[in-house]
>>> print(open('coords_33.cif').read())   # mmCIF, C-alpha atoms and all ligand atoms; chains and numbers go by the auth columns
data_coords
#
loop_
_atom_site.group_PDB
_atom_site.id
_atom_site.type_symbol
_atom_site.label_atom_id
_atom_site.label_comp_id
_atom_site.label_asym_id
_atom_site.label_seq_id
_atom_site.Cartn_x
_atom_site.Cartn_y
_atom_site.Cartn_z
_atom_site.B_iso_or_equiv
_atom_site.auth_seq_id
_atom_site.auth_asym_id
ATOM 1 C CA MET A 1 0.000 0.000 0.000 0.00 278 A
ATOM 2 C CA ARG A 2 1.045 3.599 -0.555 0.00 279 A
ATOM 3 C CA LEU A 3 2.530 5.111 2.580 0.00 280 A
ATOM 4 C CA SER A 4 1.736 8.787 2.682 0.00 281 A
ATOM 5 C CA ARG A 5 3.558 10.978 5.190 0.00 282 A
ATOM 6 C CA GLN A 6 0.530 10.992 7.488 0.00 283 A
ATOM 7 C CA ARG A 7 -0.018 7.260 7.196 0.00 284 A
ATOM 8 C CA ARG A 8 3.611 6.710 8.152 0.00 285 A
ATOM 9 C CA MET A 9 3.248 8.986 11.218 0.00 286 A
ATOM 10 C CA VAL A 10 0.274 6.933 12.424 0.00 287 A
ATOM 11 C CA LEU A 11 2.089 3.657 11.824 0.00 288 A
ATOM 12 C CA GLU A 12 5.295 4.872 13.499 0.00 289 A
ATOM 13 C CA LEU A 13 3.371 5.916 16.593 0.00 290 A
ATOM 14 C CA LEU A 14 1.718 2.501 16.877 0.00 291 A
ATOM 15 C CA TRP A 15 5.089 0.811 16.463 0.00 292 A
ATOM 16 C CA THR A 16 6.739 2.985 19.115 0.00 293 A
ATOM 17 C CA GLU A 17 3.929 2.693 21.641 0.00 294 A
ATOM 18 C CA LYS A 18 3.425 -1.045 21.146 0.00 295 A
ATOM 19 C CA SER A 19 0.034 -0.824 22.838 0.00 296 A
ATOM 20 C CA HIS A 20 -3.611 -0.578 21.825 0.00 297 A
ATOM 21 C CA LEU A 21 -4.736 2.969 21.214 0.00 298 A
ATOM 22 C CA SER A 22 -7.923 4.707 20.159 0.00 299 A
ATOM 23 C CA ALA A 23 -8.035 7.108 17.225 0.00 300 A
ATOM 24 C CA ARG A 24 -8.306 9.923 19.778 0.00 301 A
ATOM 25 C CA ASP A 25 -5.198 8.727 21.690 0.00 302 A
ATOM 26 C CA ILE A 26 -3.254 8.659 18.437 0.00 303 A
ATOM 27 C CA PHE A 27 -4.523 12.070 17.376 0.00 304 A
ATOM 28 C CA GLU A 28 -3.608 13.597 20.755 0.00 305 A
ATOM 29 C CA GLN A 29 -0.163 11.993 20.946 0.00 306 A
ATOM 30 C CA LEU A 30 0.804 13.009 17.416 0.00 307 A
ATOM 31 C CA ASN A 31 -0.326 16.573 17.984 0.00 308 A
ATOM 32 C CA SER A 32 1.452 16.799 21.345 0.00 309 A
ATOM 33 C CA GLN A 33 4.619 15.750 19.479 0.00 310 A
ATOM 34 C CA GLY A 34 4.048 18.776 17.243 0.00 311 A
ATOM 35 C CA ARG A 35 2.870 16.682 14.300 0.00 312 A
ATOM 36 C CA ASN A 36 0.108 18.407 12.456 0.00 313 A
ATOM 37 C CA ILE A 37 -2.607 15.931 11.614 0.00 314 A
ATOM 38 C CA GLY A 38 -6.390 16.219 11.813 0.00 315 A
ATOM 39 C CA HIS A 39 -8.661 13.845 13.660 0.00 316 A
ATOM 40 C CA THR A 40 -10.440 12.768 10.452 0.00 317 A
ATOM 41 C CA SER A 41 -7.140 12.056 8.775 0.00 318 A
ATOM 42 C CA VAL A 42 -5.976 9.897 11.699 0.00 319 A
ATOM 43 C CA TYR A 43 -9.225 7.977 11.538 0.00 320 A
ATOM 44 C CA GLN A 44 -9.096 7.470 7.759 0.00 321 A
ATOM 45 C CA ASN A 45 -5.480 6.300 7.866 0.00 322 A
ATOM 46 C CA LEU A 46 -6.247 3.834 10.662 0.00 323 A
ATOM 47 C CA GLU A 47 -9.145 2.390 8.686 0.00 324 A
ATOM 48 C CA ALA A 48 -6.984 2.070 5.563 0.00 325 A
ATOM 49 C CA LEU A 49 -4.142 0.382 7.487 0.00 326 A
ATOM 50 C CA GLN A 50 -6.595 -1.975 9.102 0.00 327 A
ATOM 51 C CA SER A 51 -8.342 -2.985 5.887 0.00 328 A
ATOM 52 C CA ALA A 52 -4.935 -3.603 4.298 0.00 329 A
ATOM 53 C CA GLY A 53 -4.203 -5.992 7.196 0.00 330 A
ATOM 54 C CA VAL A 54 -1.227 -3.940 8.403 0.00 331 A
ATOM 55 C CA ILE A 55 -2.565 -3.279 11.907 0.00 332 A
ATOM 56 C CA GLU A 56 -5.093 -4.894 14.209 0.00 333 A
ATOM 57 C CA CYS A 57 -8.383 -3.471 15.341 0.00 334 A
ATOM 58 C CA LEU A 58 -10.224 -4.396 18.534 0.00 335 A
ATOM 59 C CA ASP A 59 -13.859 -3.496 19.036 0.00 336 A
ATOM 60 C CA LYS A 60 -14.321 -2.753 22.716 0.00 337 A
ATOM 61 C CA ALA A 61 -17.421 -1.504 24.527 0.00 338 A
ATOM 62 C CA SER A 62 -15.541 1.766 25.076 0.00 339 A
ATOM 63 C CA GLY A 63 -14.712 2.091 21.367 0.00 340 A
ATOM 64 C CA ARG A 64 -12.286 0.903 18.757 0.00 341 A
ATOM 65 C CA LEU A 65 -8.625 0.300 19.602 0.00 342 A
ATOM 66 C CA TYR A 66 -5.764 -0.148 17.159 0.00 343 A
ATOM 67 C CA GLY A 67 -2.585 -2.151 17.647 0.00 344 A
ATOM 68 C CA TYR A 68 0.641 -2.535 15.668 0.00 345 A
ATOM 69 C CA ARG A 69 0.485 -6.305 15.257 0.00 346 A
ATOM 70 C CA SER A 70 -1.525 -7.990 12.530 0.00 347 A
ATOM 71 C CA ASP A 71 -0.458 -11.600 13.112 0.00 348 A
ATOM 72 C CA PRO A 72 -2.616 -13.798 15.369 0.00 349 A
ATOM 73 C CA HIS A 73 -1.776 -13.181 19.017 0.00 350 A
ATOM 74 C CA SER A 74 -3.393 -13.319 22.425 0.00 351 A
ATOM 75 C CA HIS A 75 -4.397 -10.495 24.730 0.00 352 A
ATOM 76 C CA LEU A 76 -4.049 -10.044 28.461 0.00 353 A
ATOM 77 C CA THR A 77 -6.311 -7.329 29.859 0.00 354 A
ATOM 78 C CA CYS A 78 -5.502 -5.689 33.185 0.00 355 A
ATOM 79 C CA LEU A 79 -8.704 -5.526 35.241 0.00 356 A
ATOM 80 C CA GLU A 80 -7.357 -2.523 37.170 0.00 357 A
ATOM 81 C CA SER A 81 -6.259 -0.212 34.378 0.00 358 A
ATOM 82 C CA GLY A 82 -7.951 -1.753 31.359 0.00 359 A
ATOM 83 C CA ALA A 83 -4.586 -1.858 29.555 0.00 360 A
ATOM 84 C CA ILE A 84 -4.331 -4.628 26.962 0.00 361 A
ATOM 85 C CA HIS A 85 -1.029 -6.440 26.562 0.00 362 A
ATOM 86 C CA ASP A 86 -0.060 -8.541 23.543 0.00 363 A
ATOM 87 C CA LEU A 87 0.997 -12.064 24.348 0.00 364 A
ATOM 88 C CA ASP A 88 2.186 -15.035 22.371 0.00 365 A
ATOM 89 C CA VAL A 89 0.664 -18.097 23.942 0.00 366 A
ATOM 90 C CA VAL A 90 1.540 -21.513 22.584 0.00 367 A
ATOM 91 C CA LEU A 91 -0.865 -24.191 23.717 0.00 368 A
ATOM 92 C CA PRO A 92 0.583 -27.657 24.355 0.00 369 A
ATOM 93 C CA ASN A 93 0.101 -29.939 21.319 0.00 370 A
ATOM 94 C CA GLU A 94 -1.766 -32.337 23.521 0.00 371 A
ATOM 95 C CA LEU A 95 -4.412 -29.729 24.317 0.00 372 A
ATOM 96 C CA VAL A 96 -4.786 -28.731 20.653 0.00 373 A
ATOM 97 C CA SER A 97 -5.221 -32.415 19.750 0.00 374 A
ATOM 98 C CA GLN A 98 -7.893 -32.767 22.431 0.00 375 A
ATOM 99 C CA ILE A 99 -9.778 -29.765 21.045 0.00 376 A
ATOM 100 C CA GLU A 100 -9.513 -31.193 17.528 0.00 377 A
ATOM 101 C CA ALA A 101 -10.848 -34.564 18.718 0.00 378 A
ATOM 102 C CA LEU A 102 -13.670 -32.835 20.577 0.00 379 A
ATOM 103 C CA THR A 103 -14.755 -30.560 17.721 0.00 380 A
ATOM 104 C CA GLY A 104 -13.785 -32.535 14.615 0.00 381 A
ATOM 105 C CA PHE A 105 -11.946 -29.445 13.373 0.00 382 A
ATOM 106 C CA GLU A 106 -8.330 -29.098 12.365 0.00 383 A
ATOM 107 C CA ILE A 107 -7.156 -26.063 14.361 0.00 384 A
ATOM 108 C CA GLU A 108 -5.137 -23.652 12.205 0.00 385 A
ATOM 109 C CA SER A 109 -4.792 -20.714 14.560 0.00 386 A
ATOM 110 C CA TYR A 110 -6.033 -19.460 17.906 0.00 387 A
ATOM 111 C CA THR A 111 -6.009 -16.400 20.097 0.00 388 A
ATOM 112 C CA LEU A 112 -6.711 -16.286 23.811 0.00 389 A
ATOM 113 C CA GLN A 113 -8.418 -13.497 25.739 0.00 390 A
ATOM 114 C CA LEU A 114 -7.017 -13.440 29.253 0.00 391 A
ATOM 115 C CA SER A 115 -7.739 -11.016 32.053 0.00 392 A
ATOM 116 C CA GLY A 116 -6.363 -10.528 35.532 0.00 393 A
ATOM 117 C CA ARG A 117 -4.655 -8.327 38.079 0.00 394 A
ATOM 118 C CA ARG A 118 -0.975 -7.869 38.820 0.00 395 A
ATOM 119 C CA ARG A 119 0.124 -9.898 41.781 0.00 396 A
ATOM 120 C CA ALA A 120 0.946 -7.776 44.821 0.00 397 A
HETATM 121 ZN ZN ZN B . -2.919 -6.911 20.122 0.00 401 B
#
>>> encode(input="coords_33.cif", output="structure tokens")
Amino acid sequence: MRLSRQRRMVLELLWTEKSHLSARDIFEQLNSQGRNIGHTSVYQNLEALQSAGVIECLDKASGRLYGYRSDPHSHLTCLESGAIHDLDVVLPNELVSQIEALTGFEIESYTLQLSGRRRA
């Protein structure tokens, strides 16, 4: 895909932050860094990057969040802060085989949604 200057700014921010941000977060952070970009432009670039499969998009009750990874991965949500961390979880082969036997499906990929609190 064509990487305009603005599209690159949005992508670079996601790569640097390595977290899941809303269009508003991205707009505010870019502008506080002195980068001149409008809210609509941020939104349009995020949608374009997402439909090209370059970034991920999570639909949360509080709104849409964007992340820098587009490969399948798992998420750990902090129940205190709501922050979402990317995780790579590899299930034991034995468990995947059990799920396949149970469902009659050949599992090709999976993502886990985990949530919890930091241990004191
Ligand atoms: Zn993610």
>>> residues_near_ligand(input="coords_33.cif", ligand="ligand ZN 401 (chain B)", cutoff="10 Å", atoms="all atoms listed in the file", output="PyMOL selection string")
chain A and resi 295-297+332-335+342-353+361-365+388
>>> residues_near_point(input="coords_33.cif", point="(-0.4, 4.1, 17.1)", cutoff="10 Å", atoms="all atoms listed in the file", output="ChimeraX atom specification")
/A:286-300,302-304,306-307,319,323,332,342-345
>>> atom_distance(input="coords_33.cif", atom1="CA of Ala325 (chain A)", atom2="CA of Ser339 (chain A)")
21.3 Å
>>> residues_around(input="coords_33.cif", residues="Thr354 (chain A)", least_positions_apart="6", cutoff="8 Å", atoms="all atoms listed in the file", output="PyMOL selection string")
chain A and resi 360-362+390-393
>>> axis_aligned_box(input="coords_33.cif", around="region 345-355 of chain A", padding_each_side="8 Å", output="AutoDock Vina command-line options")
--center_x -2.8 --center_y -8.2 --center_z 22.9 --size_x 23.0 --size_y 27.3 --size_z 36.7
>>> closest_residue(input="coords_33.cif", among="A:Asn322, A:Gln310, A:Ser358, A:Gln327", to="Arg282 (chain A)", atoms="only C-alpha atoms")
A:Asn322
